[in-house]
file input_0.tsv (TSV, C-alpha atoms)
chain	number	residue	atom	x	y	z
W	1	MET	CA	-11.22	28.66	8.36
W	2	THR	CA	-10.64	26.19	5.53
W	3	ASP	CA	-13.42	23.98	4.20
W	4	LYS	CA	-11.06	21.20	3.09
W	5	THR	CA	-12.74	17.97	4.12
W	6	ILE	CA	-9.65	16.41	5.73
W	7	LEU	CA	-9.07	19.50	7.86
W	8	LYS	CA	-12.72	19.52	8.92
W	9	ALA	CA	-12.38	15.91	10.10
W	10	LEU	CA	-9.19	16.79	11.97
W	11	ARG	CA	-11.05	19.63	13.69
W	12	GLY	CA	-13.51	17.04	14.96
W	13	GLU	CA	-16.36	17.49	12.48
W	14	ALA	CA	-18.45	14.50	11.44
W	15	GLN	CA	-19.30	14.62	7.72
W	16	ASP	CA	-21.93	12.80	5.68
W	17	VAL	CA	-19.22	11.43	3.41
W	18	PRO	CA	-15.81	10.89	4.99
W	19	PRO	CA	-12.78	12.32	3.19
W	20	ILE	CA	-10.49	9.69	1.73
W	21	TRP	CA	-6.84	9.12	0.93
W	22	MET	CA	-4.70	6.03	0.96
W	23	MET	CA	-1.35	5.12	2.48
W	24	ARG	CA	1.25	4.56	-0.26
W	25	GLN	CA	-1.21	5.95	-2.80
W	26	ALA	CA	1.78	7.06	-4.90
W	27	GLY	CA	3.43	3.77	-5.64
W	28	ARG	CA	4.17	0.64	-7.57
W	29	TYR	CA	0.56	-0.41	-8.22
W	30	LEU	CA	0.29	2.52	-10.67
W	31	PRO	CA	1.86	2.22	-14.14
W	32	GLU	CA	2.55	5.96	-14.22
W	33	TYR	CA	4.56	5.64	-10.98
W	34	ARG	CA	6.65	2.81	-12.41
W	35	ALA	CA	7.41	4.92	-15.48
W	36	THR	CA	8.54	7.90	-13.38
W	37	ARG	CA	10.63	5.70	-11.11
W	38	ALA	CA	12.37	4.22	-14.16
W	39	GLN	CA	13.08	7.76	-15.31
W	40	ALA	CA	14.61	8.58	-11.90
W	41	GLY	CA	16.91	5.55	-12.05
W	42	ASP	CA	16.37	4.19	-8.54
W	43	PHE	CA	14.20	4.70	-5.48
W	44	LEU	CA	16.48	7.08	-3.55
W	45	SER	CA	17.11	9.19	-6.65
W	46	LEU	CA	13.34	9.51	-6.98
W	47	CYS	CA	12.99	10.59	-3.31
W	48	TYR	CA	15.66	13.28	-3.69
W	49	ASN	CA	14.47	14.66	-7.07
W	50	PRO	CA	11.89	17.31	-6.14
W	51	GLU	CA	10.28	17.51	-9.57
W	52	LEU	CA	9.88	13.74	-9.94
W	53	ALA	CA	8.88	13.20	-6.30
W	54	ALA	CA	6.21	15.87	-6.72
W	55	GLU	CA	5.09	14.22	-9.96
W	56	VAL	CA	4.52	10.81	-8.33
W	57	THR	CA	2.72	12.51	-5.42
W	58	LEU	CA	0.37	14.20	-7.91
W	59	GLN	CA	-0.30	11.08	-10.02
W	60	PRO	CA	-2.92	9.47	-7.72
W	61	ILE	CA	-4.59	12.88	-7.25
W	62	ARG	CA	-4.99	13.24	-11.01
W	63	ARG	CA	-6.21	9.68	-11.41
W	64	TYR	CA	-8.55	9.42	-8.42
W	65	GLY	CA	-9.16	12.86	-6.92
W	66	PHE	CA	-8.22	11.82	-3.37
W	67	ASP	CA	-8.96	14.42	-0.70
W	68	ALA	CA	-5.30	14.47	0.38
W	69	ALA	CA	-1.88	14.00	-1.14
W	70	ILE	CA	0.91	12.63	1.01
W	71	LEU	CA	4.46	13.70	0.29
W	72	PHE	CA	6.44	11.02	-1.55
W	73	ALA	CA	9.53	10.26	0.54
W	74	ASP	CA	10.77	7.47	2.83
W	75	ILE	CA	11.02	7.16	6.61
W	76	LEU	CA	14.72	6.24	6.32
W	77	LEU	CA	15.80	9.57	4.82
W	78	LEU	CA	16.07	10.96	8.36
W	79	PRO	CA	18.67	8.40	9.53
W	80	GLN	CA	20.59	9.12	6.33
W	81	ALA	CA	20.47	12.83	7.18
W	82	LEU	CA	21.79	11.96	10.65
W	83	GLY	CA	24.82	10.29	9.08
W	84	ALA	CA	23.79	6.64	8.58
W	85	ASP	CA	24.61	4.98	5.27
W	86	LEU	CA	21.45	4.06	3.35
W	87	TRP	CA	20.97	2.02	0.21
W	88	PHE	CA	18.23	-0.10	-1.33
W	89	VAL	CA	18.65	-3.67	-2.57
W	90	THR	CA	16.37	-4.44	-5.50
W	91	GLY	CA	13.65	-6.85	-4.49
W	92	GLU	CA	14.76	-6.87	-0.85
W	93	GLY	CA	14.35	-3.33	0.46
W	94	PRO	CA	16.44	-0.90	2.48
W	95	ARG	CA	19.83	-1.45	4.06
W	96	LEU	CA	21.47	0.82	6.63
W	97	SER	CA	24.77	0.97	8.48
W	98	THR	CA	23.97	-0.25	11.99
W	99	ILE	CA	23.90	1.47	15.37
W	100	THR	CA	24.82	-1.19	17.93
W	101	SER	CA	27.37	0.55	20.17
W	102	GLN	CA	28.03	3.88	21.85
W	103	ALA	CA	30.73	4.57	19.25
W	104	ASP	CA	28.23	4.06	16.41
W	105	PHE	CA	25.80	6.41	18.11
W	106	ASP	CA	28.47	9.03	18.82
W	107	ALA	CA	29.35	9.14	15.11
W	108	LEU	CA	25.85	10.39	14.21
W	109	LYS	CA	25.20	14.07	13.56
W	110	PRO	CA	23.14	16.33	15.83
W	111	ALA	CA	19.46	16.78	14.98
W	112	SER	CA	20.05	20.37	13.88
W	113	ASP	CA	22.28	19.16	11.02
W	114	VAL	CA	19.64	17.19	9.08
W	115	HIS	CA	18.43	19.98	6.81
W	116	GLU	CA	21.26	19.95	4.29
W	117	VAL	CA	20.50	16.37	3.24
W	118	LEU	CA	16.73	16.81	3.50
W	119	SER	CA	16.44	20.13	1.65
W	120	PRO	CA	15.24	18.43	-1.58
W	121	ILE	CA	12.30	17.00	0.41
W	122	TYR	CA	11.29	20.48	1.53
W	123	GLU	CA	11.50	21.60	-2.11
W	124	THR	CA	9.12	18.76	-3.07
W	125	VAL	CA	6.66	20.01	-0.43
W	126	SER	CA	6.94	23.56	-1.82
W	127	ILE	CA	6.21	22.37	-5.36
W	128	LEU	CA	3.20	20.38	-4.15
W	129	SER	CA	1.79	23.26	-2.14
W	130	ARG	CA	1.75	25.26	-5.39
W	131	GLU	CA	0.55	22.54	-7.77
W	132	LEU	CA	-2.05	20.57	-5.84
W	133	PRO	CA	-5.72	21.34	-6.52
W	134	GLN	CA	-7.08	23.90	-4.10
W	135	GLU	CA	-9.38	21.38	-2.40
W	136	THR	CA	-6.62	18.80	-1.78
W	137	THR	CA	-4.89	18.70	1.60
W	138	LEU	CA	-1.10	18.25	1.63
W	139	ILE	CA	0.18	15.79	4.24
W	140	GLY	CA	3.81	15.62	5.30
W	141	PHE	CA	5.17	12.72	7.30
W	142	ALA	CA	8.00	11.04	9.15
W	143	GLY	CA	8.62	7.68	10.71
W	144	ALA	CA	8.15	7.60	14.47
W	145	PRO	CA	11.38	7.22	16.48
W	146	TRP	CA	10.84	3.60	17.58
W	147	THR	CA	10.12	2.36	14.05
W	148	VAL	CA	13.06	4.26	12.55
W	149	ALA	CA	15.32	3.00	15.35
W	150	THR	CA	14.41	-0.62	14.57
W	151	TYR	CA	15.90	-0.17	11.10
W	152	MET	CA	18.95	1.70	12.38
W	153	VAL	CA	19.82	-1.02	14.90
W	154	ALA	CA	19.18	-3.99	12.59
W	155	GLY	CA	20.39	-2.35	9.37
W	156	ARG	CA	17.24	-3.57	7.63
W	157	GLY	CA	13.59	-4.45	8.25
W	158	THR	CA	13.06	-7.45	10.53
W	159	PRO	CA	9.91	-9.50	11.18
W	160	ASP	CA	9.99	-9.10	14.97
W	161	GLN	CA	12.22	-6.04	15.50
W	162	GLY	CA	14.46	-8.43	17.47
W	163	PRO	CA	17.75	-6.50	17.24
W	164	ALA	CA	16.14	-3.26	18.53
W	165	HIS	CA	14.45	-5.12	21.38
W	166	ALA	CA	17.78	-6.74	22.26
W	167	LEU	CA	19.66	-3.42	22.33
W	168	LYS	CA	16.83	-1.79	24.34
W	169	ASP	CA	17.03	-4.59	26.91
W	170	GLU	CA	20.86	-4.78	27.06
W	171	ASN	CA	21.69	-1.06	27.02
W	172	ARG	CA	18.59	1.00	27.73
W	173	ALA	CA	20.56	4.23	28.15
W	174	LEU	CA	22.09	3.91	24.68
W	175	PHE	CA	18.76	2.99	23.14
W	176	ALA	CA	16.99	5.87	24.91
W	177	GLY	CA	19.69	8.20	23.55
W	178	LEU	CA	18.96	7.03	20.01
W	179	ILE	CA	15.22	7.57	20.54
W	180	ASP	CA	15.91	11.07	21.87
W	181	LEU	CA	18.05	11.96	18.85
W	182	LEU	CA	15.41	10.63	16.47
W	183	THR	CA	12.71	12.54	18.36
W	184	GLU	CA	14.66	15.79	17.99
W	185	GLY	CA	15.46	15.05	14.34
W	186	THR	CA	11.81	14.28	13.59
W	187	ILE	CA	10.72	17.60	15.12
W	188	GLU	CA	13.23	19.45	12.92
W	189	TYR	CA	12.23	17.49	9.80
W	190	LEU	CA	8.46	17.87	10.21
W	191	SER	CA	8.77	21.50	11.24
W	192	ARG	CA	10.52	22.30	7.95
W	193	GLN	CA	7.90	20.34	6.01
W	194	ILE	CA	5.21	22.51	7.65
W	195	GLU	CA	7.16	25.68	6.81
W	196	ALA	CA	7.37	24.49	3.20
W	197	GLY	CA	3.59	24.04	2.98
W	198	ALA	CA	2.46	20.78	4.61
W	199	GLU	CA	-1.00	21.35	6.13
W	200	VAL	CA	-1.05	18.15	8.20
W	201	VAL	CA	1.75	15.84	9.33
W	202	LYS	CA	1.59	12.15	10.11
W	203	LEU	CA	3.80	10.00	12.35
W	204	PHE	CA	4.13	6.43	11.12
W	205	ASP	CA	4.96	4.03	13.96
W	206	SER	CA	4.71	0.89	11.85
W	207	TRP	CA	6.22	-1.37	14.52
W	208	ALA	CA	4.56	0.14	17.62
W	209	GLY	CA	2.65	-3.11	18.17
W	210	SER	CA	5.80	-4.98	19.21
W	211	LEU	CA	6.27	-2.67	22.22
W	212	LYS	CA	4.51	-3.72	25.40
W	213	GLY	CA	3.86	-2.14	28.81
W	214	GLN	CA	6.41	0.42	29.94
W	215	ASP	CA	8.32	0.06	26.67
W	216	PHE	CA	5.24	1.25	24.77
W	217	ASP	CA	4.98	4.27	27.08
W	218	ASP	CA	8.69	5.09	26.86
W	219	PHE	CA	9.36	4.48	23.17
W	220	ALA	CA	6.03	4.95	21.35
W	221	LEU	CA	3.81	7.19	23.42
W	222	GLN	CA	6.31	9.62	24.97
W	223	PRO	CA	8.24	10.41	21.74
W	224	ALA	CA	4.93	11.04	19.94
W	225	ARG	CA	3.84	13.35	22.77
W	226	ARG	CA	7.14	15.28	22.60
W	227	ILE	CA	7.06	15.62	18.82
W	228	ILE	CA	3.42	16.74	18.73
W	229	ALA	CA	3.82	19.22	21.60
W	230	GLU	CA	6.86	20.85	20.00
W	231	LEU	CA	5.29	21.01	16.52
W	232	LYS	CA	2.17	22.63	17.94
W	233	ALA	CA	4.28	25.10	19.91
W	234	ARG	CA	6.17	26.08	16.74
W	235	HIS	CA	3.17	25.88	14.40
W	236	PRO	CA	-0.05	26.58	16.33
W	237	GLY	CA	-3.04	24.85	14.78
W	238	ILE	CA	-1.09	22.26	12.79
W	239	PRO	CA	-2.99	18.95	12.91
W	240	VAL	CA	-1.08	15.73	13.56
W	241	ILE	CA	-2.16	12.17	12.71
W	242	ALA	CA	-0.50	9.41	14.76
W	243	PHE	CA	-0.36	5.80	13.56
W	244	PRO	CA	0.84	3.41	16.28
W	245	ARG	CA	0.18	0.37	14.10
W	246	GLU	CA	-1.06	-2.80	15.82
W	247	ALA	CA	-1.23	-1.01	19.17
W	248	GLY	CA	-4.42	-2.95	19.98
W	249	ASP	CA	-5.82	-1.83	23.34
W	250	ARG	CA	-3.16	0.90	23.49
W	251	TYR	CA	-5.07	2.77	20.76
W	252	VAL	CA	-7.47	3.63	23.58
W	253	GLY	CA	-6.54	7.04	24.98
W	254	PHE	CA	-3.58	7.45	22.61
W	255	ALA	CA	-4.91	10.71	21.16
W	256	LYS	CA	-5.40	12.26	24.62
W	257	ALA	CA	-2.03	11.02	25.88
W	258	THR	CA	-0.05	12.37	22.90
W	259	GLY	CA	-2.06	15.39	21.75
W	260	ALA	CA	-2.67	13.82	18.33
W	261	ASP	CA	-5.66	15.21	16.41
W	262	CYS	CA	-6.34	11.86	14.81
W	263	VAL	CA	-5.39	8.24	15.44
W	264	ALA	CA	-4.92	6.06	12.38
W	265	LEU	CA	-6.02	2.46	12.84
W	266	ASP	CA	-4.75	-0.76	11.32
W	267	ASN	CA	-7.23	-3.47	10.34
W	268	SER	CA	-6.46	-5.79	13.26
W	269	VAL	CA	-9.12	-3.88	15.22
W	270	SER	CA	-12.74	-3.67	14.09
W	271	ALA	CA	-14.29	-0.35	13.13
W	272	GLN	CA	-17.14	-1.04	15.58
W	273	TRP	CA	-14.69	-1.50	18.48
W	274	ALA	CA	-12.68	1.58	17.46
W	275	ALA	CA	-15.81	3.74	17.17
W	276	LYS	CA	-16.68	2.85	20.75
W	277	HIS	CA	-13.21	3.07	22.30
W	278	VAL	CA	-11.04	5.38	20.14
W	279	GLN	CA	-13.31	7.70	18.14
W	280	VAL	CA	-14.86	8.94	21.40
W	281	ASP	CA	-11.68	11.05	21.78
W	282	GLY	CA	-11.76	12.55	18.28
W	283	CYS	CA	-10.95	11.82	14.67
W	284	VAL	CA	-9.99	8.32	13.56
W	285	GLN	CA	-8.48	7.26	10.24
W	286	GLY	CA	-8.85	3.88	8.60
W	287	ASN	CA	-9.16	1.01	8.39
W	288	LEU	CA	-9.94	-1.15	5.34
W	289	ALA	CA	-7.67	-4.18	4.86
W	290	SER	CA	-5.30	-3.44	1.98
W	291	SER	CA	-5.87	-6.98	0.65
W	292	HIS	CA	-9.24	-5.74	-0.67
W	293	MET	CA	-7.30	-3.61	-3.16
W	294	VAL	CA	-6.02	-6.87	-4.67
W	295	THR	CA	-9.17	-8.99	-4.50
W	296	GLY	CA	-11.89	-6.37	-5.07
W	297	GLY	CA	-15.47	-7.48	-5.66
W	298	GLN	CA	-18.46	-7.43	-3.34
W	299	ALA	CA	-16.31	-8.07	-0.26
W	300	LEU	CA	-14.52	-4.76	-0.85
W	301	ILE	CA	-17.85	-2.94	-1.20
W	302	ASP	CA	-19.38	-4.55	1.89
W	303	GLU	CA	-16.36	-3.95	4.14
W	304	THR	CA	-16.01	-0.35	2.93
W	305	ARG	CA	-19.66	0.37	3.69
W	306	GLU	CA	-19.37	-1.29	7.09
W	307	ILE	CA	-16.41	0.93	8.07
W	308	VAL	CA	-18.12	4.12	6.87
W	309	GLN	CA	-21.26	3.18	8.78
W	310	ALA	CA	-19.39	2.30	11.98
W	311	PHE	CA	-17.63	5.66	12.07
W	312	GLN	CA	-20.39	7.93	10.74
W	313	GLY	CA	-21.28	9.24	14.20
W	314	GLY	CA	-18.02	11.19	14.51
W	315	PRO	CA	-14.98	12.55	12.67
W	316	HIS	CA	-13.49	9.96	10.29
W	317	ILE	CA	-10.95	9.94	7.45
W	318	PHE	CA	-11.36	6.83	5.30
W	319	ASN	CA	-8.10	5.02	4.59
W	320	LEU	CA	-6.57	1.57	4.52
W	321	GLY	CA	-5.29	-0.18	7.62
W	322	HIS	CA	-1.87	-0.48	5.98
W	323	GLY	CA	-0.21	0.78	2.80
W	324	ILE	CA	-1.54	-0.40	-0.55
W	325	THR	CA	0.53	-3.27	-1.95
W	326	PRO	CA	2.26	-3.35	-5.35
W	327	ASP	CA	-0.04	-6.16	-6.60
W	328	ALA	CA	-3.20	-4.05	-6.08
W	329	ASP	CA	-5.53	-3.44	-9.01
W	330	PRO	CA	-5.98	0.29	-9.72
W	331	GLU	CA	-9.64	-0.40	-10.61
W	332	ASN	CA	-10.29	-1.67	-7.08
W	333	VAL	CA	-9.05	1.66	-5.73
W	334	GLN	CA	-11.66	3.42	-7.85
W	335	LEU	CA	-14.32	0.99	-6.61
W	336	MET	CA	-13.39	1.78	-3.01
W	337	ILE	CA	-13.56	5.54	-3.63
W	338	ASP	CA	-16.91	5.27	-5.41
W	339	THR	CA	-18.30	3.18	-2.57
W	340	VAL	CA	-17.16	5.69	0.07
W	341	ARG	CA	-18.45	8.69	-1.86
W	342	ASN	CA	-21.84	7.07	-2.45
W	343	SER	CA	-22.18	6.22	1.22
W	344	GLY	CA	-23.65	9.49	2.52
W	345	ARG	CA	-26.28	9.22	5.18
W	346	GLY	CA	-28.83	10.65	2.75
call {"tool": "encode", "arguments": {"input": "input_0.tsv", "output": "structure tokens"}}
result
Amino acid sequence: MTDKTILKALRGEAQDVPPIWMMRQAGRYLPEYRATRAQAGDFLSLCYNPELAAEVTLQPIRRYGFDAAILFADILLLPQALGADLWFVTGEGPRLSTITSQADFDALKPASDVHEVLSPIYETVSILSRELPQETTLIGFAGAPWTVATYMVAGRGTPDQGPAHALKDENRALFAGLIDLLTEGTIEYLSRQIEAGAEVVKLFDSWAGSLKGQDFDDFALQPARRIIAELKARHPGIPVIAFPREAGDRYVGFAKATGADCVALDNSVSAQWAAKHVQVDGCVQGNLASSHMVTGGQALIDETREIVQAFQGGPHIFNLGHGITPDADPENVQLMIDTVRNSGRG
């Protein structure tokens, strides 16, 4: 039985000081990341270069000593592995060939064919499992099917996920087929990450909050349940963190409904509310506003302490409610860590 703090939390143990990592902790706010990315040439080249992707994953561990490292990759590598065209426009973000018709969907590859394209990612995981400090947990990840589908339908990120909602409403069978393919592909992708050395995997459903009612059940909850059940069947004991961002009241019961070992929370819900309604079912992760990493100061300290205090009665992994932004000050990250680590119940 490992004594890694993240794994203890995922087993349901409350700890005096919560373990801590940070979404997008390897990224543009760090000068060493920007230097490595320049060396790689562009973002996708960095993702597919195992040595450099491992290097940027290790950078925040060296600098800050986080309790976990999360694989450096991108949620849109899976659609690329399924046959979609993917490129990044500087200053604007990702672009994809679109899936808007049955013919577009039929041109995609089966889920079992993703490994050839994704093999460099598994190599990155292997390098990290060898090179990370012994006490640091290695987290693998994928985008959840709904969130990935929103990019595949629109060909880019959209503020309201409008194109995906439109396709879902106009041709539910086609949309459900895309979700099924992504669910199967995600199982394959995460399973190989686990085989390569990932100790935990996380499902990022960044746009879950735009799904309501039955749509939330069909396209956020059920795919997560399928993915988690299959991963646990293939890899007994593997912990899974689910992040249905901005799910609001649908955070309640999400862990039980999906089999997730931990529910990650955005900062649109209060830690006090989540302790009462979500943490009762097990581990929670979160949920400091990432804006504090830009502004710092006493507000960062106070909010950090408040979150630690709210969740100290049960299993908790301290994290942000969203990924750290490129304009964050690295010194504010250190301030957050110091505040968490000095927050023991004494």
call {"tool": "residues_near_point", "arguments": {"input": "input_0.tsv", "point": "(18.2, 7.6, 15.4)", "cutoff": "12 Å", "atoms": "all atoms listed in the file", "output": "ChimeraX atom specification"}}
result
/W:75-84,96-100,104-111,114,143-155,164,174-186
call {"tool": "closest_residue", "arguments": {"input": "input_0.tsv", "among": "W:Gly248, W:Pro60, W:Pro239, W:Pro326", "to": "W:Ala208", "atoms": "all atoms listed in the file"}}
result
W:Gly248
call {"tool": "atom_distance", "arguments": {"input": "input_0.tsv", "atom1": "atom CA of W:Ala224", "atom2": "atom CA of W:Thr258"}}
result
5.9 Å
call {"tool": "axis_aligned_box", "arguments": {"input": "input_0.tsv", "around": "stretch 137-145 of chain W", "padding_each_side": "5 Å", "output": "AutoDock Vina command-line options"}}
result
--center_x 3.2 --center_y 13.0 --center_z 9.0 --size_x 26.3 --size_y 21.5 --size_z 24.9
call {"tool": "residues_around", "arguments": {"input": "input_0.tsv", "residues": "W:Leu128", "least_positions_apart": "2", "cutoff": "10 Å", "atoms": "only C-alpha atoms", "output": "list in words"}}
result
Pro50, Glu51, Ala53, Ala54, Glu55, Thr57, Leu58, Ala69, Ile70, Leu71, Tyr122, Glu123, Thr124, Val125, Ser126, Arg130, Glu131, Leu132, Pro133, Leu138, Ala196, Gly197 and Ala198 of chain W
call {"tool": "atom_distance", "arguments": {"input": "input_0.tsv", "atom1": "atom CA of W:Thr36", "atom2": "atom CA of W:Tyr48"}}
result
13.2 Å
call {"tool": "residues_near_point", "arguments": {"input": "input_0.tsv", "point": "(-4.5, 13.8, -1.6)", "cutoff": "6 Å", "atoms": "all atoms listed in the file", "output": "PyMOL selection string"}}
result
chain W and resi 21+61+66-69+136-137
call {"tool": "closest_residue", "arguments": {"input": "input_0.tsv", "among": "W:Arg250, W:Ala173, W:Arg234, W:Leu203", "to": "W:Ser101", "atoms": "only C-alpha atoms"}}
result
W:Ala173
call {"tool": "closest_residue", "arguments": {"input": "input_0.tsv", "among": "W:Asn49, W:Gly323, W:Leu300, W:Arg172", "to": "W:Met336", "atoms": "only C-alpha atoms"}}
result
W:Leu300
call {"tool": "closest_residue", "arguments": {"input": "input_0.tsv", "among": "W:Lys168, W:Phe72, W:Arg37, W:Gln312", "to": "W:Ile127", "atoms": "all atoms listed in the file"}}
result
W:Phe72
call {"tool": "residues_around", "arguments": {"input": "input_0.tsv", "residues": "W:Ala242", "least_positions_apart": "6", "cutoff": "12 Å", "atoms": "only C-alpha atoms", "output": "mmCIF file with C-alpha atoms, keeping the file's coordinate frame"}}
result
data_model
loop_
_atom_site.group_PDB
_atom_site.id
_atom_site.type_symbol
_atom_site.label_atom_id
_atom_site.label_comp_id
_atom_site.auth_asym_id
_atom_site.auth_seq_id
_atom_site.Cartn_x
_atom_site.Cartn_y
_atom_site.Cartn_z
ATOM 1 C CA LEU W 10 -9.190 16.790 11.970
ATOM 2 C CA PHE W 141 5.170 12.720 7.300
ATOM 3 C CA ALA W 142 8.000 11.040 9.150
ATOM 4 C CA GLY W 143 8.620 7.680 10.710
ATOM 5 C CA ALA W 144 8.150 7.600 14.470
ATOM 6 C CA VAL W 200 -1.050 18.150 8.200
ATOM 7 C CA VAL W 201 1.750 15.840 9.330
ATOM 8 C CA LYS W 202 1.590 12.150 10.110
ATOM 9 C CA LEU W 203 3.800 10.000 12.350
ATOM 10 C CA PHE W 204 4.130 6.430 11.120
ATOM 11 C CA ASP W 205 4.960 4.030 13.960
ATOM 12 C CA SER W 206 4.710 0.890 11.850
ATOM 13 C CA ALA W 208 4.560 0.140 17.620
ATOM 14 C CA ALA W 220 6.030 4.950 21.350
ATOM 15 C CA LEU W 221 3.810 7.190 23.420
ATOM 16 C CA PRO W 223 8.240 10.410 21.740
ATOM 17 C CA ALA W 224 4.930 11.040 19.940
ATOM 18 C CA ARG W 225 3.840 13.350 22.770
ATOM 19 C CA ILE W 227 7.060 15.620 18.820
ATOM 20 C CA ILE W 228 3.420 16.740 18.730
ATOM 21 C CA TYR W 251 -5.070 2.770 20.760
ATOM 22 C CA PHE W 254 -3.580 7.450 22.610
ATOM 23 C CA ALA W 255 -4.910 10.710 21.160
ATOM 24 C CA LYS W 256 -5.400 12.260 24.620
ATOM 25 C CA ALA W 257 -2.030 11.020 25.880
ATOM 26 C CA THR W 258 -0.050 12.370 22.900
ATOM 27 C CA GLY W 259 -2.060 15.390 21.750
ATOM 28 C CA ALA W 260 -2.670 13.820 18.330
ATOM 29 C CA ASP W 261 -5.660 15.210 16.410
ATOM 30 C CA CYS W 262 -6.340 11.860 14.810
ATOM 31 C CA VAL W 263 -5.390 8.240 15.440
ATOM 32 C CA ALA W 264 -4.920 6.060 12.380
ATOM 33 C CA LEU W 265 -6.020 2.460 12.840
ATOM 34 C CA ASP W 266 -4.750 -0.760 11.320
ATOM 35 C CA CYS W 283 -10.950 11.820 14.670
ATOM 36 C CA VAL W 284 -9.990 8.320 13.560
ATOM 37 C CA GLN W 285 -8.480 7.260 10.240
ATOM 38 C CA GLY W 286 -8.850 3.880 8.600
#
call {"tool": "build_atoms", "arguments": {"input": "input_0.tsv", "residues": "stretch 235-248 of chain W", "atoms": "N, CA, C and O atoms", "output": "PDB file, keeping the file's coordinate frame"}}
result
ATOM      1  N   HIS W 235       4.132  25.664  15.488  1.00  0.00           N
ATOM      2  CA  HIS W 235       3.170  25.880  14.400  1.00  0.00           C
ATOM      3  C   HIS W 235       1.755  25.719  14.957  1.00  0.00           C
ATOM      4  O   HIS W 235       1.106  24.689  14.734  1.00  0.00           O
ATOM      5  N   PRO W 236       1.262  26.710  15.700  1.00  0.00           N
ATOM      6  CA  PRO W 236      -0.050  26.580  16.330  1.00  0.00           C
ATOM      7  C   PRO W 236      -1.128  26.217  15.306  1.00  0.00           C
ATOM      8  O   PRO W 236      -1.167  26.764  14.207  1.00  0.00           O
ATOM      9  N   GLY W 237      -1.951  25.255  15.670  1.00  0.00           N
ATOM     10  CA  GLY W 237      -3.040  24.850  14.780  1.00  0.00           C
ATOM     11  C   GLY W 237      -2.699  23.734  13.821  1.00  0.00           C
ATOM     12  O   GLY W 237      -3.577  23.234  13.125  1.00  0.00           O
ATOM     13  N   ILE W 238      -1.420  23.329  13.744  1.00  0.00           N
ATOM     14  CA  ILE W 238      -1.090  22.260  12.790  1.00  0.00           C
ATOM     15  C   ILE W 238      -1.667  20.931  13.296  1.00  0.00           C
ATOM     16  O   ILE W 238      -1.435  20.529  14.426  1.00  0.00           O
ATOM     17  N   PRO W 239      -2.457  20.239  12.471  1.00  0.00           N
ATOM     18  CA  PRO W 239      -2.990  18.950  12.910  1.00  0.00           C
ATOM     19  C   PRO W 239      -1.976  17.829  12.701  1.00  0.00           C
ATOM     20  O   PRO W 239      -1.212  17.840  11.724  1.00  0.00           O
ATOM     21  N   VAL W 240      -1.990  16.864  13.626  1.00  0.00           N
ATOM     22  CA  VAL W 240      -1.080  15.730  13.560  1.00  0.00           C
ATOM     23  C   VAL W 240      -1.878  14.429  13.636  1.00  0.00           C
ATOM     24  O   VAL W 240      -2.736  14.267  14.504  1.00  0.00           O
ATOM     25  N   ILE W 241      -1.585  13.521  12.701  1.00  0.00           N
ATOM     26  CA  ILE W 241      -2.160  12.170  12.710  1.00  0.00           C
ATOM     27  C   ILE W 241      -1.084  11.230  13.249  1.00  0.00           C
ATOM     28  O   ILE W 241       0.061  11.258  12.783  1.00  0.00           O
ATOM     29  N   ALA W 242      -1.435  10.403  14.221  1.00  0.00           N
ATOM     30  CA  ALA W 242      -0.500   9.410  14.760  1.00  0.00           C
ATOM     31  C   ALA W 242      -0.970   8.026  14.367  1.00  0.00           C
ATOM     32  O   ALA W 242      -2.163   7.721  14.410  1.00  0.00           O
ATOM     33  N   PHE W 243      -0.025   7.169  13.971  1.00  0.00           N
ATOM     34  CA  PHE W 243      -0.360   5.800  13.560  1.00  0.00           C
ATOM     35  C   PHE W 243       0.506   4.809  14.315  1.00  0.00           C
ATOM     36  O   PHE W 243       1.544   4.367  13.821  1.00  0.00           O
ATOM     37  N   PRO W 244       0.106   4.449  15.544  1.00  0.00           N
ATOM     38  CA  PRO W 244       0.840   3.410  16.280  1.00  0.00           C
ATOM     39  C   PRO W 244       0.316   2.031  15.864  1.00  0.00           C
ATOM     40  O   PRO W 244      -0.485   1.412  16.551  1.00  0.00           O
ATOM     41  N   ARG W 245       0.779   1.554  14.719  1.00  0.00           N
ATOM     42  CA  ARG W 245       0.180   0.370  14.100  1.00  0.00           C
ATOM     43  C   ARG W 245       0.217  -0.856  15.021  1.00  0.00           C
ATOM     44  O   ARG W 245       1.223  -1.106  15.677  1.00  0.00           O
ATOM     45  N   GLU W 246      -0.895  -1.579  15.025  1.00  0.00           N
ATOM     46  CA  GLU W 246      -1.060  -2.800  15.820  1.00  0.00           C
ATOM     47  C   GLU W 246      -0.908  -2.544  17.322  1.00  0.00           C
ATOM     48  O   GLU W 246      -0.504  -3.426  18.073  1.00  0.00           O
ATOM     49  N   ALA W 247      -1.283  -1.329  17.743  1.00  0.00           N
ATOM     50  CA  ALA W 247      -1.230  -1.010  19.170  1.00  0.00           C
ATOM     51  C   ALA W 247      -2.326  -1.708  19.962  1.00  0.00           C
ATOM     52  O   ALA W 247      -2.251  -1.759  21.191  1.00  0.00           O
ATOM     53  N   GLY W 248      -3.365  -2.213  19.286  1.00  0.00           N
ATOM     54  CA  GLY W 248      -4.420  -2.950  19.980  1.00  0.00           C
ATOM     55  C   GLY W 248      -5.102  -2.084  21.027  1.00  0.00           C
ATOM     56  O   GLY W 248      -5.545  -0.968  20.752  1.00  0.00           O
TER      57      GLY W 248
END
